[in-house]
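Asks: Below you'll find final.cif; it's mmCIF, C-alpha atoms.
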```
data_entry
#
loop_
_atom_site.label_atom_id
_atom_site.label_comp_id
_atom_site.auth_asym_id
_atom_site.auth_seq_id
_atom_site.Cartn_x
_atom_site.Cartn_y
_atom_site.Cartn_z
CA MET A 7 4.22 -5.46 16.82
CA ARG A 8 5.60 -5.07 13.31
CA ALA A 9 3.83 -3.25 10.53
CA LEU A 10 4.41 -1.69 7.13
CA VAL A 11 4.13 2.06 7.48
CA VAL A 12 4.02 4.89 4.96
CA ALA A 13 7.46 6.21 3.96
CA HIS A 14 7.73 9.33 1.83
CA GLY A 15 10.63 10.13 -0.49
CA GLU A 16 13.34 7.73 -1.62
CA ALA A 17 12.78 5.48 1.41
CA GLY A 18 9.21 4.75 0.31
CA PRO A 19 6.62 3.80 -0.38
CA VAL A 20 6.58 1.62 2.77
CA ARG A 21 9.02 0.48 5.44
CA PHE A 22 8.86 -1.81 8.46
CA ALA A 23 8.37 -0.28 11.89
CA ASP A 24 7.44 -1.32 15.41
CA VAL A 25 4.04 0.15 16.26
CA ASP A 26 1.64 0.03 19.18
CA GLU A 27 -0.78 -2.85 19.44
CA PRO A 28 -4.27 -1.91 18.17
CA VAL A 29 -6.95 -1.32 20.79
CA PRO A 30 -10.32 -2.36 19.32
CA SER A 31 -13.42 -0.34 20.09
CA THR A 32 -16.54 -2.19 21.21
CA ASP A 33 -17.67 -2.66 17.61
CA GLU A 34 -14.34 -3.86 16.22
CA ALA A 35 -12.78 -7.31 16.01
CA LEU A 36 -9.09 -7.98 16.54
CA VAL A 37 -7.71 -9.88 13.55
CA GLU A 38 -4.36 -11.64 13.37
CA ILE A 39 -3.16 -10.99 9.82
CA ARG A 40 -1.74 -13.93 7.85
CA HIS A 41 -1.55 -12.40 4.35
CA ILE A 42 -1.66 -8.89 2.86
CA GLY A 43 -2.77 -7.84 -0.62
CA LEU A 44 -0.90 -5.02 -2.36
CA ASN A 45 -2.58 -2.51 -4.69
CA PHE A 46 -0.90 -0.24 -7.22
CA GLY A 47 -2.82 2.87 -6.18
CA GLU A 48 -2.07 2.85 -2.46
CA LEU A 49 1.63 2.38 -3.21
CA ASN A 50 2.02 4.69 -6.19
CA TYR A 51 0.15 7.59 -4.56
CA VAL A 52 1.57 7.10 -1.07
CA ASP A 53 1.91 10.86 -0.49
CA GLN A 54 -1.84 10.93 0.11
CA TRP A 55 -1.24 9.24 3.50
CA PRO A 56 0.77 10.64 6.44
CA ALA A 57 4.31 9.34 6.91
CA GLY A 58 4.56 6.73 9.63
CA ALA A 59 0.94 5.62 9.44
CA VAL A 60 0.28 1.88 9.17
CA HIS A 61 -0.56 1.42 5.50
CA GLY A 62 -2.66 -0.94 3.43
CA HIS A 63 -6.31 -1.82 2.97
CA ASP A 64 -6.52 -5.49 2.01
CA ALA A 65 -5.54 -8.58 3.99
CA ALA A 66 -6.76 -11.89 5.38
CA GLY A 67 -6.39 -13.56 8.73
CA VAL A 68 -8.13 -15.00 11.78
CA VAL A 69 -10.28 -13.29 14.39
CA VAL A 70 -8.47 -13.58 17.73
CA ARG A 71 -10.93 -11.41 19.67
CA ALA A 72 -14.52 -10.83 18.58
CA ALA A 73 -16.14 -7.41 18.87
CA SER A 74 -17.27 -6.96 22.48
CA ASP A 75 -20.71 -5.70 21.42
CA GLY A 76 -21.45 -9.08 19.86
CA SER A 77 -21.37 -7.89 16.25
CA GLY A 78 -19.35 -9.57 13.57
CA PRO A 79 -17.71 -12.99 13.36
CA PRO A 80 -16.70 -14.97 16.47
CA GLU A 81 -13.20 -15.78 17.62
CA GLY A 82 -11.42 -18.26 15.36
CA THR A 83 -13.22 -17.20 12.17
CA ARG A 84 -11.11 -16.90 9.03
CA VAL A 85 -11.80 -13.52 7.44
CA ALA A 86 -10.94 -11.39 4.43
CA VAL A 87 -10.26 -7.71 5.15
CA GLY A 88 -11.30 -5.35 2.38
CA MET A 89 -10.86 -1.58 2.04
CA ALA A 90 -10.07 -1.30 5.74
CA ARG A 91 -7.51 1.06 7.26
CA HIS A 92 -4.08 0.11 8.60
CA ALA A 93 -4.34 -3.48 7.36
CA TRP A 94 -0.65 -4.23 6.79
CA ALA A 95 0.28 -5.16 10.34
CA GLU A 96 0.56 -8.31 12.44
CA ARG A 97 -2.74 -7.49 14.14
CA VAL A 98 -5.52 -5.12 13.10
CA ALA A 99 -8.68 -3.77 14.74
CA VAL A 100 -11.40 -3.96 12.07
CA SER A 101 -15.08 -3.17 11.87
CA PRO A 102 -17.21 -6.18 10.82
CA ALA A 103 -18.43 -3.95 7.97
CA SER A 104 -15.01 -4.49 6.34
CA LEU A 105 -14.85 -8.25 6.89
CA GLY A 106 -15.98 -11.25 4.90
CA THR A 107 -16.05 -14.76 6.35
CA VAL A 108 -13.81 -17.08 4.32
CA PRO A 109 -15.58 -20.37 3.53
CA GLU A 110 -13.93 -23.76 3.87
CA GLY A 111 -12.02 -24.64 0.74
CA VAL A 112 -10.94 -21.04 0.03
CA ASP A 113 -7.27 -20.34 0.70
CA LEU A 114 -6.70 -17.37 3.01
CA ALA A 115 -4.04 -16.06 0.65
CA ASP A 116 -6.56 -16.01 -2.20
CA ALA A 117 -9.02 -14.18 0.05
CA ALA A 118 -6.39 -11.48 0.65
CA ALA A 119 -6.42 -10.75 -3.09
CA LEU A 120 -10.06 -9.61 -3.05
CA GLY A 121 -10.47 -6.29 -1.26
CA ILE A 122 -10.18 -3.21 -3.45
CA ALA A 123 -9.73 -5.07 -6.75
CA GLY A 124 -12.56 -7.57 -6.41
CA VAL A 125 -15.05 -5.20 -4.80
CA THR A 126 -14.35 -2.47 -7.38
CA ALA A 127 -14.95 -4.85 -10.28
CA LEU A 128 -18.14 -6.23 -8.74
CA ARG A 129 -19.63 -2.83 -7.90
CA VAL A 130 -19.01 -1.39 -11.37
CA LEU A 131 -20.36 -4.42 -13.20
CA ARG A 132 -23.52 -4.38 -11.08
CA LYS A 133 -24.43 -0.94 -12.42
CA ARG A 134 -26.44 -2.51 -15.23
CA SER A 135 -27.60 -5.85 -16.58
CA LEU A 136 -24.77 -7.51 -18.51
CA LEU A 137 -26.70 -10.39 -20.06
CA ALA A 138 -25.88 -10.47 -23.79
CA ARG A 139 -24.11 -7.11 -23.43
CA SER A 140 -20.68 -6.25 -24.80
CA VAL A 141 -18.12 -5.27 -22.14
CA LEU A 142 -14.59 -3.92 -22.57
CA VAL A 143 -12.11 -4.27 -19.69
CA THR A 144 -8.93 -2.22 -20.05
CA GLY A 145 -5.80 -3.09 -18.11
CA ALA A 146 -7.24 -6.58 -18.01
CA SER A 147 -4.01 -8.19 -16.82
CA GLY A 148 -4.14 -6.30 -13.51
CA GLY A 149 -5.99 -7.21 -10.33
CA VAL A 150 -9.22 -5.34 -11.08
CA GLY A 151 -9.04 -6.48 -14.68
CA HIS A 152 -8.72 -10.17 -13.85
CA PHE A 153 -11.73 -10.03 -11.55
CA ALA A 154 -13.76 -7.94 -14.02
CA VAL A 155 -13.20 -10.34 -16.91
CA GLN A 156 -14.41 -13.28 -14.82
CA LEU A 157 -17.39 -11.50 -13.26
CA ALA A 158 -18.60 -10.00 -16.54
CA ALA A 159 -18.42 -13.41 -18.21
CA LEU A 160 -20.33 -14.99 -15.31
CA ALA A 161 -23.05 -12.36 -15.78
CA GLY A 162 -23.52 -13.35 -19.41
CA ALA A 163 -21.58 -10.58 -21.14
CA ARG A 164 -19.41 -10.87 -24.20
CA VAL A 165 -16.10 -9.75 -22.74
CA THR A 166 -13.23 -8.06 -24.56
CA ALA A 167 -9.99 -7.78 -22.61
CA LEU A 168 -7.49 -5.05 -23.48
CA VAL A 169 -3.86 -5.42 -22.43
CA GLY A 170 -0.74 -3.35 -22.98
CA SER A 171 1.37 -6.02 -24.69
CA PRO A 172 1.02 -9.56 -26.05
CA ASP A 173 2.86 -11.12 -23.10
CA ARG A 174 0.20 -9.79 -20.71
CA ALA A 175 -2.61 -11.63 -22.51
CA ALA A 176 -1.86 -15.05 -21.03
CA GLY A 177 -4.80 -16.77 -19.37
CA LEU A 178 -7.46 -14.15 -20.09
CA ARG A 179 -9.41 -16.33 -22.51
CA GLU A 180 -9.48 -19.10 -19.92
CA LEU A 181 -10.98 -16.59 -17.46
CA GLY A 182 -13.84 -15.82 -19.84
CA ALA A 183 -12.63 -13.22 -22.34
CA HIS A 184 -14.13 -13.77 -25.79
CA GLU A 185 -11.52 -11.55 -27.39
CA VAL A 186 -8.14 -10.19 -26.31
CA LEU A 187 -6.82 -6.95 -27.77
CA THR A 188 -3.58 -5.03 -27.42
CA ASP A 189 -3.17 -1.28 -27.64
CA LEU A 190 0.20 -1.60 -29.36
CA THR A 191 -0.11 0.52 -32.48
CA ASP A 192 3.01 -0.66 -34.28
CA LEU A 193 1.87 -4.24 -34.88
CA THR A 194 1.63 -5.02 -38.58
CA ASP A 195 1.42 -8.82 -38.55
CA LEU A 196 -1.21 -10.13 -36.12
CA THR A 197 -1.26 -13.69 -37.40
CA ASP A 198 1.08 -15.02 -34.70
CA LEU A 199 -0.50 -13.25 -31.74
CA ALA A 200 -3.34 -15.67 -30.95
CA GLY A 201 -6.15 -13.34 -31.88
CA LEU A 202 -4.67 -10.11 -30.55
CA ALA A 203 -5.57 -6.94 -32.43
CA ASN A 204 -5.65 -3.19 -32.00
CA LEU A 205 -8.62 -1.52 -30.33
CA ALA A 206 -9.36 0.44 -33.51
CA GLU A 207 -9.62 -2.84 -35.44
CA THR A 208 -12.24 -4.48 -33.25
CA GLU A 209 -15.74 -4.87 -34.60
CA GLY A 210 -18.88 -3.76 -32.84
CA ARG A 211 -19.52 -1.37 -29.98
CA PHE A 212 -19.28 -1.73 -26.22
CA ASP A 213 -22.19 -1.24 -23.84
CA LEU A 214 -19.91 -0.87 -20.83
CA VAL A 215 -16.22 -0.09 -20.47
CA LEU A 216 -14.40 -0.66 -17.18
CA ASP A 217 -11.23 1.41 -17.53
CA THR A 218 -8.26 1.15 -15.18
CA VAL A 219 -5.73 2.88 -17.44
CA GLY A 220 -6.93 6.43 -18.21
CA GLY A 221 -5.08 8.75 -20.59
CA PRO A 222 -5.55 8.58 -24.37
CA LEU A 223 -7.18 5.17 -24.04
CA VAL A 224 -10.33 6.78 -22.62
CA ALA A 225 -10.84 8.76 -25.83
CA GLN A 226 -10.24 5.62 -27.90
CA ALA A 227 -12.79 3.70 -25.84
CA TRP A 228 -15.29 6.55 -26.25
CA SER A 229 -15.04 6.17 -30.01
CA VAL A 230 -16.24 2.55 -29.78
CA LEU A 231 -18.89 3.07 -27.09
CA ALA A 232 -22.42 2.06 -28.06
CA GLU A 233 -25.46 4.32 -27.74
CA GLY A 234 -26.53 4.36 -24.11
CA GLY A 235 -23.16 2.96 -23.06
CA THR A 236 -21.01 4.05 -20.13
CA ILE A 237 -17.29 4.23 -19.45
CA HIS A 238 -16.55 3.70 -15.76
CA LEU A 239 -13.21 5.22 -14.75
CA VAL A 240 -11.76 3.17 -11.88
CA GLY A 241 -8.05 4.01 -12.24
CA TYR A 242 -5.43 5.96 -14.16
CA SER A 243 -2.35 3.77 -14.16
CA SER A 244 -1.04 5.43 -17.32
CA GLY A 245 -0.66 8.77 -15.54
CA GLN A 246 -1.48 10.50 -18.82
CA GLU A 247 -4.03 13.15 -19.70
CA THR A 248 -7.10 12.45 -21.82
CA THR A 249 -7.83 14.71 -24.80
CA PHE A 250 -10.93 14.30 -26.97
CA PRO A 251 -10.86 15.35 -30.64
CA ALA A 252 -13.13 18.23 -31.60
CA GLY A 253 -16.70 17.02 -31.95
CA ALA A 254 -16.03 13.64 -30.33
CA LEU A 255 -18.41 14.34 -27.44
CA PHE A 256 -21.31 15.24 -29.73
CA GLY A 257 -23.62 12.52 -30.94
CA PHE A 258 -27.15 11.49 -31.85
CA GLY A 259 -29.16 8.67 -30.30
CA GLU A 260 -29.33 7.50 -26.70
CA PRO A 261 -26.84 9.44 -24.55
CA ARG A 262 -23.47 7.95 -23.72
CA SER A 263 -21.76 8.75 -20.43
CA ILE A 264 -18.49 8.71 -18.50
CA ALA A 265 -18.75 7.86 -14.81
CA THR A 266 -16.14 8.24 -12.08
CA TYR A 267 -15.66 5.70 -9.31
CA GLY A 268 -14.56 6.18 -5.73
CA ASP A 269 -16.87 4.03 -3.62
CA MET A 270 -15.37 3.47 -0.17
CA THR A 271 -18.56 2.31 1.56
CA PRO A 272 -18.46 -0.88 3.70
CA THR A 273 -17.40 -3.96 1.78
CA SER A 274 -18.70 -6.89 3.84
CA GLY A 275 -21.59 -7.70 1.49
CA GLU A 276 -19.47 -7.74 -1.65
CA LEU A 277 -16.68 -9.71 0.04
CA THR A 278 -19.24 -12.31 1.10
CA ASP A 279 -20.56 -12.60 -2.47
CA LEU A 280 -17.08 -12.86 -3.98
CA LEU A 281 -15.94 -15.44 -1.43
CA GLY A 282 -19.08 -17.46 -2.17
CA LEU A 283 -18.20 -17.51 -5.87
CA MET A 284 -14.66 -18.60 -5.01
CA ALA A 285 -15.95 -21.40 -2.77
CA ALA A 286 -18.19 -22.59 -5.61
CA GLY A 287 -15.25 -22.67 -8.01
CA ARG A 288 -16.72 -19.94 -10.22
CA LEU A 289 -14.16 -17.23 -9.43
CA SER A 290 -10.40 -17.53 -9.12
CA ALA A 291 -7.99 -15.22 -7.34
CA PRO A 292 -5.56 -13.49 -9.71
CA VAL A 293 -2.44 -13.93 -7.57
CA GLY A 294 0.45 -13.17 -9.90
CA LEU A 295 3.13 -12.88 -7.22
CA ARG A 296 3.24 -14.64 -3.86
CA GLY A 297 6.01 -14.10 -1.34
CA ASP A 298 6.99 -13.12 2.19
CA TRP A 299 6.28 -9.62 3.46
CA GLN A 300 9.96 -9.32 4.34
CA ASP A 301 10.48 -9.01 0.57
CA VAL A 302 7.96 -6.20 0.16
CA ASP A 303 10.48 -3.91 -1.55
CA ASP A 304 11.08 -6.43 -4.32
CA ALA A 305 7.34 -6.98 -4.66
CA VAL A 306 6.68 -3.24 -5.00
CA GLN A 307 9.38 -2.90 -7.65
CA ALA A 308 7.89 -5.80 -9.62
CA LEU A 309 4.43 -4.22 -9.38
CA PHE A 310 5.68 -0.82 -10.56
CA ALA A 311 7.65 -2.43 -13.39
CA ARG A 312 4.44 -4.13 -14.61
CA LYS A 313 5.98 -7.57 -14.13
CA VAL A 314 3.00 -8.86 -12.16
CA HIS A 315 -0.09 -10.21 -13.87
CA GLY A 316 -2.85 -9.88 -11.29
CA LYS A 317 -2.39 -9.26 -7.57
CA VAL A 318 0.57 -9.35 -5.19
CA VAL A 319 -0.10 -11.34 -1.99
CA LEU A 320 2.54 -11.48 0.76
CA ASP A 321 2.61 -13.83 3.74
CA VAL A 322 2.98 -12.24 7.17
CA ALA A 323 5.63 -14.18 9.10
#
```
Would you give me this structure, written as structure tokens?

Replies:
Amino acid sequence: MRALVVAHGEAGPVRFADVDEPVPSTDEALVEIRHIGLNFGELNYVDQWPAGAVHGHDAAGVVVRAASDGSGPPEGTRVAVGMARHAWAERVAVSPASLGTVPEGVDLADAAALGIAGVTALRVLRKRSLLARSVLVTGASGGVGHFAVQLAALAGARVTALVGSPDRAAGLRELGAHEVLTDLTDLTDLTDLAGLANLAETEGRFDLVLDTVGGPLVAQAWSVLAEGGTIHLVGYSSGQETTFPAGALFGFGEPRSIATYGDMTPTSGELTDLLGLMAAGRLSAPVGLRGDWQDVDDAVQALFARKVHGKVVLDVA
């Protein structure tokens, strides 16, 4: 069967290869993959995986053979695959712990967009009550960001979305953002930017910051973090270091904190919750680029060039 495998060096980050058919264990289902969801991290940091290994974590498809021990969904069930291993192949052996049943009315391609991005946003935002809280989402035009803006708004938070440029702000207010900011520091006339402003110019403090960018932005977010607030670091797309000014980490009042994120525990529960919200029309999939997996190289280039708002979903021929 065909699969996208890890490719190091100039040939990377992935290439097509013929690989052996998966052999499910007794507690694994065999899933025929119809769509795959690409993530920036697994492609940008591909050296963390061995060359030649089937790559990818997120996908969606149909169960063609249920787990022989009776666990998990039966044959014929449409499923989302989230944070699994070796997901970018025509067929995948998957534990039911990494599957979510896709309800009627939810497109399989939209389900493929969930996985890492949707589960990450949901897990971070569940760390505390968000009702009437103020939440900042950085990198809000990305996959995690799109989900986080929607979920935080659903939970009753006042959501501020931070994007890297005015053209990446489209649609965020419709998803639930009360305010959209840009980190561009050379803007002098904000009157024509539909409410965009600099982070330093925003009023108030944030109870929770979900940060996907890293670098200097973390120190800026710290300066507007409320007493008792937390910055959750879920990515570092900027690739830059963070430096805090002298004395910035000292303060009176309820302690503030910075928390890391790297939760790779089973995702079935969160996938089920997210798919339920999608079926109810309360959550939309942020698919910014849809195409055929034969065109994966072009899709990766678009993702790296920051031309995609949201997730990349590719159809498996």

Asks: Assuming the chain letters and numbering stay as they are in my file, what does the PyMOL selection byres ((chain A and resi 180) around 12) actually select? List them as an NGL selection string.

Replies: :A and (152 or 155-156 or 159 or 165 or 167 or 175-179 or 181-186 or 289-290)

Asks: Starting from the PyMOL selection byres ((chain A and resi 247) around 6), expand the selection into actual residues of this file and give them as an MDAnalysis selection string.

Replies: chainID A and resid 221 246 248

Asks: Name the residues that the PyMOL selection byres ((chain A and resi 281) around 8) picks from the file above, as a PyMOL selection string, using the file's chain letters and numbers.

Replies: chain A and resi 106-109+112+117+277-280+282-285

Asks: Using only C-alpha atoms, can you tell me which of A:Ala232, A:Val293, A:Val68, A:Ala154 comes closest to Val318 (chain A)?

Replies: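 Checking each of A:Ala232, A:Val293, A:Val68, A:Ala154 against Val318 (chain A), counting only C-alpha atoms, the winner is A:Val293.
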
Asks: Between A:Ala138, A:Val60, A:Val130, A:Val230, which one has atoms that come closest to Arg164 (chain A), using only C-alpha atoms?

Replies: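 Distance minimum relative to Arg164 (chain A) lands on A:Ala138.
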
Asks: Just the number, please: distance in Å from CA of Thr188 (chain A) to CA of Val215 (chain A), one decimal.

Replies: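 Calculated distance between CA of Thr188 (chain A) and CA of Val215 (chain A) is 15.2 Å.
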
Asks: Can you tell me which residues surround Phe250 (chain A) at a distance of at most 9 Å, considering all atoms listed in the file, apart from same-chain residues fewer than 3 positions away, and format the answer as a ChimeraX atom specification?

Replies: /A:222,224-226,228,253-255
